[in-house]
$ cat upload_30.csv   # CSV, C-alpha atoms
chain,number,residue,atom,x,y,z
H,1,MET,CA,63.5,20.0,4.0
H,2,PRO,CA,66.3,22.2,5.3
H,3,LEU,CA,68.0,20.9,8.5
H,4,SER,CA,67.2,24.1,10.5
H,5,LEU,CA,63.5,23.7,9.7
H,6,ALA,CA,63.6,20.1,10.7
H,7,LEU,CA,65.3,20.9,14.0
H,8,ASN,CA,62.7,23.7,14.7
H,9,LEU,CA,59.8,21.3,14.1
H,10,PHE,CA,61.5,18.7,16.3
H,11,ASN,CA,61.9,21.1,19.2
H,12,PHE,CA,58.2,22.2,18.8
H,13,PHE,CA,56.7,18.7,18.6
H,14,TRP,CA,59.1,16.5,20.6
H,15,MET,CA,57.0,16.7,23.9
H,16,ASP,CA,53.9,15.9,21.9
H,17,ALA,CA,55.7,12.9,20.5
H,18,VAL,CA,56.8,11.8,23.9
H,19,PHE,CA,53.3,12.1,25.4
H,20,ALA,CA,51.8,10.3,22.4
H,21,ILE,CA,54.3,7.4,22.8
H,22,VAL,CA,53.7,7.2,26.5
H,23,THR,CA,49.9,7.1,25.9
H,24,ILE,CA,50.2,4.2,23.4
H,25,VAL,CA,52.5,2.3,25.7
H,26,ALA,CA,50.1,2.8,28.7
H,27,LEU,CA,47.2,1.6,26.6
H,28,CYS,CA,49.1,-1.5,25.7
H,29,PHE,CA,49.9,-2.4,29.3
H,30,SER,CA,46.4,-1.6,30.7
H,31,GLU,CA,43.5,-3.9,30.5
H,32,LYS,CA,41.1,-3.2,27.7
H,33,SER,CA,38.1,-2.5,29.8
H,34,TRP,CA,36.9,1.1,30.1
H,35,ASN,CA,37.1,1.1,33.9
H,36,ASP,CA,40.8,0.0,33.8
H,37,ILE,CA,41.7,2.6,31.2
H,38,ARG,CA,40.0,5.2,33.4
H,39,SER,CA,42.1,4.1,36.3
H,40,THR,CA,45.3,4.0,34.3
H,41,PHE,CA,44.9,7.6,33.0
H,42,GLY,CA,43.4,9.1,36.2
H,43,PHE,CA,39.9,9.8,34.8
H,44,ASN,CA,38.2,8.6,38.0
H,45,ASN,CA,38.8,11.9,39.8
H,46,LYS,CA,35.6,13.8,38.9
H,47,PHE,CA,36.6,16.9,40.9
H,48,LEU,CA,39.9,17.3,38.9
H,49,LEU,CA,38.1,16.8,35.6
H,50,LEU,CA,35.5,19.4,36.6
H,51,CYS,CA,38.2,21.9,37.6
H,52,LEU,CA,40.1,21.4,34.4
H,53,GLY,CA,36.9,21.7,32.4
H,54,ALA,CA,36.1,25.0,34.1
H,55,TYR,CA,39.7,26.3,33.5
H,56,LEU,CA,39.9,25.3,29.8
H,57,GLY,CA,36.3,25.9,29.0
H,58,SER,CA,36.2,29.4,30.4
H,59,GLY,CA,39.4,30.5,28.5
H,60,ILE,CA,38.0,29.1,25.3
H,61,LEU,CA,34.6,30.8,25.8
H,62,GLY,CA,36.5,34.1,26.4
H,63,TYR,CA,37.8,33.9,22.8
H,64,PHE,CA,34.3,33.4,21.4
H,65,PHE,CA,32.7,36.1,23.4
H,66,ASN,CA,35.3,38.8,23.0
H,67,SER,CA,37.2,38.4,19.7
H,68,PRO,CA,36.7,37.0,16.2
H,69,MET,CA,38.0,33.5,16.0
H,70,GLN,CA,40.8,33.8,13.6
H,71,MET,CA,43.6,31.3,12.9
H,72,HIS,CA,45.8,32.9,15.6
H,73,GLU,CA,43.2,32.2,18.3
H,74,TRP,CA,42.6,28.7,17.1
H,75,SER,CA,46.3,28.0,17.3
H,76,LYS,CA,46.3,29.1,20.9
H,77,ILE,CA,43.4,26.8,21.7
H,78,ALA,CA,45.2,24.0,20.0
H,79,SER,CA,48.2,24.6,22.2
H,80,LEU,CA,46.1,23.6,25.2
H,81,ARG,CA,46.7,20.0,24.1
H,82,TRP,CA,49.5,20.0,26.7
H,83,ILE,CA,46.9,19.1,29.3
H,84,TRP,CA,46.9,15.6,27.9
H,85,GLY,CA,50.5,15.4,29.0
H,86,PHE,CA,49.4,15.4,32.6
H,87,PHE,CA,47.3,12.3,32.1
H,88,ALA,CA,50.1,10.6,30.1
H,89,CYS,CA,52.5,11.2,33.0
H,90,PHE,CA,49.8,9.9,35.4
H,91,SER,CA,49.7,6.6,33.5
H,92,VAL,CA,53.4,6.2,33.9
H,93,GLY,CA,53.2,6.6,37.7
H,94,HIS,CA,50.1,4.4,37.9
H,95,LEU,CA,51.6,1.5,35.9
H,96,LEU,CA,54.8,1.7,37.9
H,97,ALA,CA,52.9,1.6,41.2
H,98,VAL,CA,50.8,-1.4,40.0
H,99,ASN,CA,53.8,-3.4,38.7
H,100,SER,CA,56.4,-2.7,41.3
H,101,LYS,CA,56.2,-2.6,45.1
H,102,LYS,CA,58.9,0.0,45.5
H,103,PHE,CA,61.4,2.0,43.5
H,104,ASN,CA,64.5,4.0,44.4
H,105,TRP,CA,65.4,7.4,43.1
H,106,SER,CA,68.6,8.0,41.4
H,107,PHE,CA,70.0,11.5,41.1
H,108,SER,CA,73.1,10.6,39.0
H,109,THR,CA,71.5,12.0,35.8
H,110,LEU,CA,70.6,15.3,37.5
H,111,ILE,CA,74.1,15.6,38.8
H,112,VAL,CA,75.6,15.1,35.4
H,113,ILE,CA,73.2,17.7,33.8
H,114,LEU,CA,73.8,20.3,36.5
H,115,ALA,CA,77.5,19.7,36.3
H,116,TRP,CA,77.5,20.2,32.6
H,117,ILE,CA,75.4,23.4,32.9
H,118,ILE,CA,77.7,24.9,35.5
H,119,TYR,CA,80.9,23.9,33.6
H,120,ARG,CA,79.5,25.4,30.4
H,121,GLN,CA,78.6,28.6,32.2
H,122,TYR,CA,82.0,28.8,33.8
H,123,ASN,CA,83.6,28.6,30.3
H,124,LEU,CA,81.2,31.1,28.8
H,125,THR,CA,82.0,33.7,31.5
H,126,SER,CA,85.8,33.1,31.4
H,127,GLY,CA,85.9,31.9,34.9
H,128,GLU,CA,83.2,34.2,36.4
H,129,PHE,CA,80.4,31.8,37.1
H,130,ILE,CA,78.0,34.0,39.2
H,131,THR,CA,77.8,37.3,37.4
H,132,PRO,CA,74.7,39.5,36.6
H,133,ASP,CA,76.1,40.3,33.2
H,134,HIS,CA,75.9,36.6,32.2
H,135,ARG,CA,72.9,35.1,33.9
H,136,LEU,CA,72.8,31.4,34.0
H,137,GLN,CA,70.1,30.1,31.6
H,138,GLY,CA,71.1,26.5,31.2
H,139,PHE,CA,69.6,24.9,28.1
H,140,TYR,CA,66.8,27.5,27.8
H,141,SER,CA,66.7,30.8,25.8
H,142,ASN,CA,65.8,32.8,28.8
H,143,PRO,CA,67.3,32.7,32.4
H,144,ASN,CA,63.8,33.3,33.9
H,145,TYR,CA,62.4,30.2,32.2
H,146,PHE,CA,65.3,28.1,33.4
H,147,ALA,CA,65.1,29.4,36.9
H,148,LEU,CA,61.3,28.8,37.1
H,149,ALA,CA,61.7,25.2,35.9
H,150,LEU,CA,64.7,24.5,38.1
H,151,VAL,CA,63.0,25.8,41.3
H,152,LEU,CA,60.3,23.1,40.9
H,153,VAL,CA,63.0,20.4,40.7
H,154,TRP,CA,64.7,22.0,43.7
H,155,ALA,CA,61.5,21.8,45.7
H,156,MET,CA,61.1,18.1,44.8
H,157,VAL,CA,64.7,17.2,45.7
H,158,LEU,CA,64.4,19.1,49.0
H,159,SER,CA,61.9,16.5,50.2
H,160,PHE,CA,64.3,13.6,49.5
H,161,VAL,CA,67.0,15.4,51.5
H,162,LEU,CA,64.6,15.8,54.4
H,163,TYR,CA,63.2,12.2,54.3
H,164,SER,CA,66.1,9.9,53.5
H,165,LYS,CA,67.7,7.2,55.6
H,166,ASP,CA,69.9,5.7,52.9
H,167,CYS,CA,73.3,7.4,53.1
H,168,PRO,CA,74.3,7.2,49.3
H,169,SER,CA,70.8,8.3,48.3
H,170,ARG,CA,70.9,11.2,50.8
H,171,THR,CA,74.4,12.2,49.7
H,172,SER,CA,73.5,12.4,46.1
H,173,ALA,CA,70.3,14.3,46.8
H,174,ILE,CA,72.2,16.8,48.9
H,175,LEU,CA,74.7,17.3,46.1
H,176,VAL,CA,71.9,18.0,43.7
H,177,LEU,CA,70.3,20.4,46.1
H,178,ILE,CA,73.6,22.3,46.6
H,179,MET,CA,74.3,22.4,42.8
H,180,ALA,CA,70.7,23.5,42.1
H,181,THR,CA,70.9,26.2,44.8
H,182,ILE,CA,74.1,27.6,43.3
H,183,ALA,CA,72.6,27.5,39.8
H,184,LEU,CA,69.4,29.3,40.9
H,185,ILE,CA,71.5,32.1,42.5
H,186,ALA,CA,73.5,32.4,39.3
H,187,THR,CA,70.3,33.0,37.3
H,188,TYR,CA,69.7,36.2,39.2
H,189,THR,CA,66.0,35.6,38.9
H,190,ARG,CA,64.4,37.2,41.9
H,191,THR,CA,61.1,35.3,41.4
H,192,SER,CA,62.9,31.9,41.8
H,193,TRP,CA,64.6,33.2,44.9
H,194,ILE,CA,61.2,34.0,46.4
H,195,GLY,CA,60.0,30.5,45.4
H,196,MET,CA,63.0,28.9,47.1
H,197,PHE,CA,62.5,30.9,50.3
H,198,CYS,CA,58.8,30.2,50.6
H,199,THR,CA,59.3,26.5,49.8
H,200,LEU,CA,62.0,26.1,52.4
H,201,MET,CA,59.9,27.9,55.1
H,202,VAL,CA,57.0,25.6,54.4
H,203,ALA,CA,59.2,22.5,54.5
H,204,LEU,CA,60.9,23.4,57.7
H,205,PHE,CA,57.7,24.4,59.4
H,206,TYR,CA,56.0,21.2,58.3
H,207,THR,CA,58.8,18.8,59.2
H,208,LYS,CA,60.5,20.6,62.0
H,209,ASN,CA,63.7,19.0,61.1
H,210,LYS,CA,66.2,20.5,63.6
H,211,LYS,CA,69.3,19.6,61.5
H,212,ALA,CA,67.7,21.1,58.4
H,213,ILE,CA,66.8,24.2,60.3
H,214,ALA,CA,70.3,24.7,61.5
H,215,ILE,CA,71.9,24.1,58.0
H,216,SER,CA,69.3,26.5,56.5
H,217,GLY,CA,70.1,29.1,59.1
H,218,ILE,CA,73.8,28.9,58.3
H,219,THR,CA,73.2,29.0,54.5
H,220,PHE,CA,70.9,32.0,54.9
H,221,ALA,CA,73.5,33.8,57.0
H,222,LEU,CA,76.2,33.2,54.3
H,223,PHE,CA,73.8,34.5,51.7
H,224,ALA,CA,73.0,37.6,53.9
H,225,ALA,CA,76.7,38.2,54.3
H,226,ALA,CA,77.2,38.0,50.6
H,227,VAL,CA,74.5,40.5,50.1
H,228,VAL,CA,75.8,42.9,52.7
H,229,PHE,CA,79.3,42.9,51.2
H,230,ASN,CA,77.8,42.8,47.7
H,231,PHE,CA,79.6,39.7,46.6
H,232,PHE,CA,78.7,38.8,43.0
H,233,GLU,CA,76.7,42.0,43.0
H,234,LEU,CA,73.8,40.3,44.9
H,235,LYS,CA,73.1,43.5,46.9
H,236,ASP,CA,72.7,45.5,43.8
H,237,ARG,CA,70.3,43.0,42.4
H,238,ILE,CA,68.1,43.0,45.5
H,239,LEU,CA,68.2,46.7,46.0
H,240,TYR,CA,67.1,47.1,42.3
H,241,THR,CA,63.8,45.4,43.4
H,242,PHE,CA,62.9,48.4,45.5
H,243,ASP,CA,63.8,50.9,42.8
H,244,PHE,CA,60.6,52.5,41.5
H,245,SER,CA,62.2,55.5,39.8
H,246,GLY,CA,62.3,55.7,36.0
H,247,VAL,CA,61.3,53.0,33.6
H,248,ASN,CA,62.3,49.6,35.0
H,249,SER,CA,60.8,46.1,35.5
H,250,GLN,CA,59.2,47.1,38.8
H,251,ILE,CA,57.3,50.0,37.2
H,252,ALA,CA,56.4,47.9,34.2
H,253,ARG,CA,55.0,45.1,36.3
H,254,LEU,CA,52.9,47.5,38.4
H,255,THR,CA,51.5,49.0,35.2
H,256,ILE,CA,50.8,45.6,33.6
H,257,TRP,CA,49.0,44.4,36.8
H,258,LYS,CA,46.8,47.5,36.7
H,259,VAL,CA,45.9,46.9,33.0
H,260,SER,CA,45.3,43.2,33.5
H,261,TRP,CA,43.0,43.9,36.4
H,262,GLN,CA,41.1,46.4,34.3
H,263,VAL,CA,40.7,43.8,31.5
H,264,PHE,CA,39.3,41.4,34.1
H,265,LEU,CA,36.9,43.9,35.5
H,266,ASP,CA,35.5,44.5,32.0
H,267,HIS,CA,35.3,40.8,31.3
H,268,PRO,CA,34.8,39.2,34.7
H,269,LEU,CA,33.1,35.8,33.9
H,270,PHE,CA,35.1,34.2,31.1
H,271,GLY,CA,37.9,36.7,30.4
H,272,VAL,CA,39.0,37.4,26.9
H,273,GLY,CA,40.7,34.1,26.1
H,274,PHE,CA,44.0,32.5,27.1
H,275,GLU,CA,47.0,34.9,26.6
H,276,ASN,CA,44.7,37.1,24.5
H,277,ALA,CA,44.7,40.1,26.9
H,278,ALA,CA,48.0,41.3,25.5
H,279,LYS,CA,46.1,42.2,22.2
H,280,LEU,CA,44.0,44.6,24.3
H,281,PHE,CA,46.9,46.1,26.3
H,282,PRO,CA,47.7,49.0,23.9
H,283,ALA,CA,44.1,50.4,24.1
H,284,TYR,CA,44.0,49.9,27.9
H,285,TYR,CA,47.4,51.7,28.4
H,286,VAL,CA,46.0,54.7,26.6
H,287,LYS,CA,42.7,54.4,28.6
H,288,LEU,CA,44.6,54.4,31.9
H,289,GLY,CA,47.0,57.2,30.8
H,290,HIS,CA,50.2,55.1,30.2
H,291,ALA,CA,52.6,54.8,27.3
H,292,ASN,CA,52.6,51.9,24.9
H,293,GLN,CA,56.2,51.0,25.9
H,294,TYR,CA,54.9,48.6,28.5
H,295,VAL,CA,53.2,46.3,26.0
H,296,VAL,CA,54.2,42.7,26.9
H,297,GLY,CA,52.9,39.2,26.1
H,298,HIS,CA,51.7,38.4,29.6
H,299,ALA,CA,50.8,39.9,33.0
H,300,HIS,CA,53.8,38.8,35.0
H,301,ASN,CA,51.4,37.5,37.5
H,302,GLN,CA,49.8,34.1,37.0
H,303,PHE,CA,46.6,34.8,38.8
H,304,LEU,CA,46.0,38.1,37.0
H,305,ASP,CA,46.8,36.5,33.7
H,306,ILE,CA,44.2,33.8,34.3
H,307,LEU,CA,41.6,36.4,35.5
H,308,ALA,CA,42.1,38.5,32.4
H,309,GLY,CA,42.2,35.5,30.1
H,310,ALA,CA,39.7,33.1,31.6
H,311,GLY,CA,37.8,35.1,34.2
H,312,ILE,CA,36.4,34.0,37.6
H,313,PHE,CA,35.4,30.6,36.4
H,314,GLY,CA,38.8,30.0,34.9
H,315,LEU,CA,40.7,31.0,38.1
H,316,ALA,CA,38.3,28.9,40.2
H,317,GLY,CA,39.1,25.9,38.0
H,318,TYR,CA,42.9,26.6,38.1
H,319,LEU,CA,42.9,27.0,41.9
H,320,GLY,CA,40.6,24.1,42.4
H,321,ALA,CA,42.8,21.7,40.4
H,322,PHE,CA,46.0,22.6,42.3
H,323,GLY,CA,44.1,22.9,45.6
H,324,GLY,CA,42.7,19.4,45.1
H,325,GLY,CA,46.2,18.3,44.4
H,326,LEU,CA,47.4,19.8,47.7
H,327,VAL,CA,44.7,18.0,49.6
H,328,PHE,CA,45.5,14.7,47.9
H,329,PHE,CA,49.2,14.9,48.5
H,330,TYR,CA,48.7,16.0,52.1
H,331,ARG,CA,46.5,13.1,52.8
H,332,SER,CA,48.9,10.7,51.2
H,333,PHE,CA,51.8,12.1,53.2
H,334,ARG,CA,49.9,11.7,56.5
H,335,SER,CA,48.5,8.2,55.8
H,336,THR,CA,51.5,6.3,54.3
H,337,ALA,CA,54.2,4.5,56.2
H,338,GLU,CA,56.5,4.0,53.3
H,339,LEU,CA,59.4,6.4,53.1
H,340,HIS,CA,59.6,6.8,49.4
H,341,LYS,CA,55.9,7.7,49.3
H,342,LYS,CA,56.4,10.3,52.0
H,343,GLN,CA,59.2,11.8,49.9
H,344,LEU,CA,57.0,11.9,46.8
H,345,SER,CA,54.0,13.4,48.6
H,346,LEU,CA,56.0,16.1,50.4
H,347,GLY,CA,57.9,16.9,47.2
H,348,SER,CA,54.7,17.4,45.3
H,349,ILE,CA,53.3,19.7,48.0
H,350,LEU,CA,56.5,21.7,47.9
H,351,CYS,CA,56.4,21.8,44.1
H,352,ILE,CA,53.0,23.4,44.2
H,353,VAL,CA,54.1,25.9,46.9
H,354,ALA,CA,57.1,26.9,44.7
H,355,LEU,CA,54.8,27.3,41.7
H,356,PHE,CA,52.3,29.5,43.6
H,357,ALA,CA,55.1,31.5,45.2
H,358,CYS,CA,56.6,32.3,41.8
H,359,SER,CA,53.2,33.1,40.4
H,360,TRP,CA,53.0,36.5,42.1
H,361,THR,CA,55.6,38.1,39.9
H,362,GLU,CA,55.8,35.7,36.9
H,363,THR,CA,53.5,33.5,34.8
H,364,PRO,CA,55.2,30.1,35.0
H,365,PHE,CA,52.1,28.2,33.8
H,366,VAL,CA,52.1,30.1,30.6
H,367,GLN,CA,55.7,29.2,29.7
H,368,HIS,CA,55.7,25.7,28.2
H,369,GLU,CA,59.3,25.1,29.3
H,370,VAL,CA,58.1,25.4,33.0
H,371,ARG,CA,54.7,23.8,32.4
H,372,ASN,CA,56.3,20.6,31.2
H,373,PHE,CA,58.1,20.2,34.5
H,374,ILE,CA,54.8,20.7,36.4
H,375,LEU,CA,53.0,18.2,34.3
H,376,ILE,CA,55.8,15.6,34.6
H,377,LEU,CA,56.4,15.9,38.3
H,378,LEU,CA,52.9,16.3,39.6
H,379,GLY,CA,51.3,13.9,37.0
H,380,PHE,CA,53.8,11.1,37.8
H,381,SER,CA,53.5,11.7,41.6
H,382,TYR,CA,49.7,11.7,41.5
H,383,GLY,CA,49.6,8.5,39.4
H,384,TYR,CA,52.1,6.6,41.5
H,385,LEU,CA,50.5,7.6,44.9
H,386,ASP,CA,47.0,6.9,43.6
H,387,GLY,CA,48.0,3.6,41.9
H,388,VAL,CA,48.1,1.2,44.9
H,389,PRO,CA,46.2,1.0,48.1
H,390,LYS,CA,47.7,3.1,50.9
H,391,GLN,CA,49.2,1.5,54.0
H,392,HIS,CA,47.6,3.5,56.8
H,393,THR,CA,49.6,4.2,60.0
H,394,LYS,CA,49.9,6.8,62.7
H,395,PRO,CA,51.6,9.8,61.1
H,396,GLN,CA,55.3,10.1,61.8
H,397,ASN,CA,56.3,13.4,60.4
H,398,GLU,CA,59.7,13.7,61.9
H,399,PRO,CA,62.4,12.9,59.3
H,400,ALA,CA,65.2,10.6,60.2
$ encode --input "upload_30.csv" --output "structure tokens"
Amino acid sequence: MPLSLALNLFNFFWMDAVFAIVTIVALCFSEKSWNDIRSTFGFNNKFLLLCLGAYLGSGILGYFFNSPMQMHEWSKIASLRWIWGFFACFSVGHLLAVNSKKFNWSFSTLIVILAWIIYRQYNLTSGEFITPDHRLQGFYSNPNYFALALVLVWAMVLSFVLYSKDCPSRTSAILVLIMATIALIATYTRTSWIGMFCTLMVALFYTKNKKAIAISGITFALFAAAVVFNFFELKDRILYTFDFSGVNSQIARLTIWKVSWQVFLDHPLFGVGFENAAKLFPAYYVKLGHANQYVVGHAHNQFLDILAGAGIFGLAGYLGAFGGGLVFFYRSFRSTAELHKKQLSLGSILCIVALFACSWTETPFVQHEVRNFILILLGFSYGYLDGVPKQHTKPQNEPA
């Protein structure tokens, strides 16, 4: 087998291999009774299983009702195996919670990775790190994918900065947050900027941390000044957002949204199958009087993409699963007295906020690079926080 083919297969299946190994290890460490296995993998949450069933089942039914089941459609259904990764990550958090009373986060690995990404970008751009002509894309093939994944990590780290009493831990978390913020600006991905802003506003409103509010105000003022004086061409990038003349990404998005909405209206219950609406786009463009040049692989809006692909039932399942997660993490945050659990609970809430904020102009849940971060972060957090009895206390929301 040629080396290039072997590397391609590895890149395609490596997450499957990781999830499979994690599953086997979790089965070995759990008791062999069915009730214990259910607890280890998070199968006790009937509401979550119902929502996932509605989301997956509706999209699959959309294929059967609206297109012949050829190999291409079957391969897309097979790609939905990623959902098992969530339960695999849940088992890691659950077993860690059961077998250890407390754990401490270490950000050294993240610091090294971000430092390498920034250093590499600095070399590639011959000393011009933040430049729209060479958008930072990290280890991904597309700067948008990298930004959408990094903003989820950014949201999680933010909670550790807000809720941390240990000086070394807080210092390392702040360093990661600063490096991640600079990296996100250097991606020039407006969607991730929206996600950062919305996440920060929710975090500050919820914690009312005066020091964090002051620092955020200074940071925002510096960014605003950079925009006004067009440092790093940030002003041009933002003004481009409001340019609706000619053929650009704004016009393309508006057109794609109209077409996706029309696909949903014609197939309201179960949609046309996950990521299958793009096959219908050319005909709908003609129907709505648009040119075929706007044909793309997704709707650039997560909610419209789900409506077109999985219909009302699919969107209800999707929103129900994440909405149930928000309720769970909120209750965990309010009820626990342990600082590291507050950090994990708030971080998970902010992660979902960032995901939903970015979902209005992109489809982060469709991109497997981004989806893996969602599965790992939320699956682990849910498993850990659900793995041991909670210590109830009067809520103390003010960070140290």
$ closest_atom_pairs --input "upload_30.csv" --of "range 330-386 of chain H" --to "range 75-96 of chain H" --cutoff "6 Å" --atoms "all atoms listed in the file" --output "tab-separated table"
residue	atom	partner	partner_atom	distance
H:Leu375	CA	H:Phe86	CA	4.9
H:Ile376	CA	H:Cys89	CA	5.7
H:Gly379	CA	H:Phe90	CA	4.6
H:Phe380	CA	H:Gly93	CA	4.5
H:Gly383	CA	H:Phe90	CA	4.2
H:Tyr384	CA	H:Gly93	CA	4.0
$ write_last_selection --input "upload_30.csv" --atoms "C-alpha atoms" --output "PDB file, in the frame of the given file"
ATOM      1  CA  LEU H 375      53.000  18.200  34.300  1.00  0.00           C
ATOM      2  CA  ILE H 376      55.800  15.600  34.600  1.00  0.00           C
ATOM      3  CA  GLY H 379      51.300  13.900  37.000  1.00  0.00           C
ATOM      4  CA  PHE H 380      53.800  11.100  37.800  1.00  0.00           C
ATOM      5  CA  GLY H 383      49.600   8.500  39.400  1.00  0.00           C
ATOM      6  CA  TYR H 384      52.100   6.600  41.500  1.00  0.00           C
TER       7      TYR H 384
END
$ closest_residue --input "upload_30.csv" --among "H:Phe19, H:Trp105, H:His298, H:Lys342" --to "Asp166 in chain H" --atoms "all atoms listed in the file"
H:Trp105
$ closest_residue --input "upload_30.csv" --among "H:Val370, H:Ile118, H:Val272, H:Leu184" --to "Gly314 in chain H" --atoms "only C-alpha atoms"
H:Val272
$ closest_residue --input "upload_30.csv" --among "H:Ala212, H:Glu275, H:Glu338, H:Leu52" --to "Gly323 in chain H" --atoms "only C-alpha atoms"
H:Leu52
$ atom_distance --input "upload_30.csv" --atom1 "CA of Ala20 in chain H" --atom2 "CA of Cys351 in chain H"
25.0 Å
$ atom_distance --input "upload_30.csv" --atom1 "CA of Pro268 in chain H" --atom2 "CA of Ala316 in chain H"
12.2 Å
$ closest_residue --input "upload_30.csv" --among "H:Pro364, H:Gly273, H:Gly289, H:Gly217" --to "Phe303 in chain H" --atoms "only C-alpha atoms"
H:Pro364
$ residues_around --input "upload_30.csv" --residues "range 256-266 of chain H" --least-positions-apart "6" --cutoff "6 Å" --atoms "all atoms listed in the file" --output "count of residues only"
3
$ closest_residue --input "upload_30.csv" --among "H:Ser192, H:Asn35, H:Ser245, H:Thr207" --to "Leu355 in chain H" --atoms "all atoms listed in the file"
H:Ser192
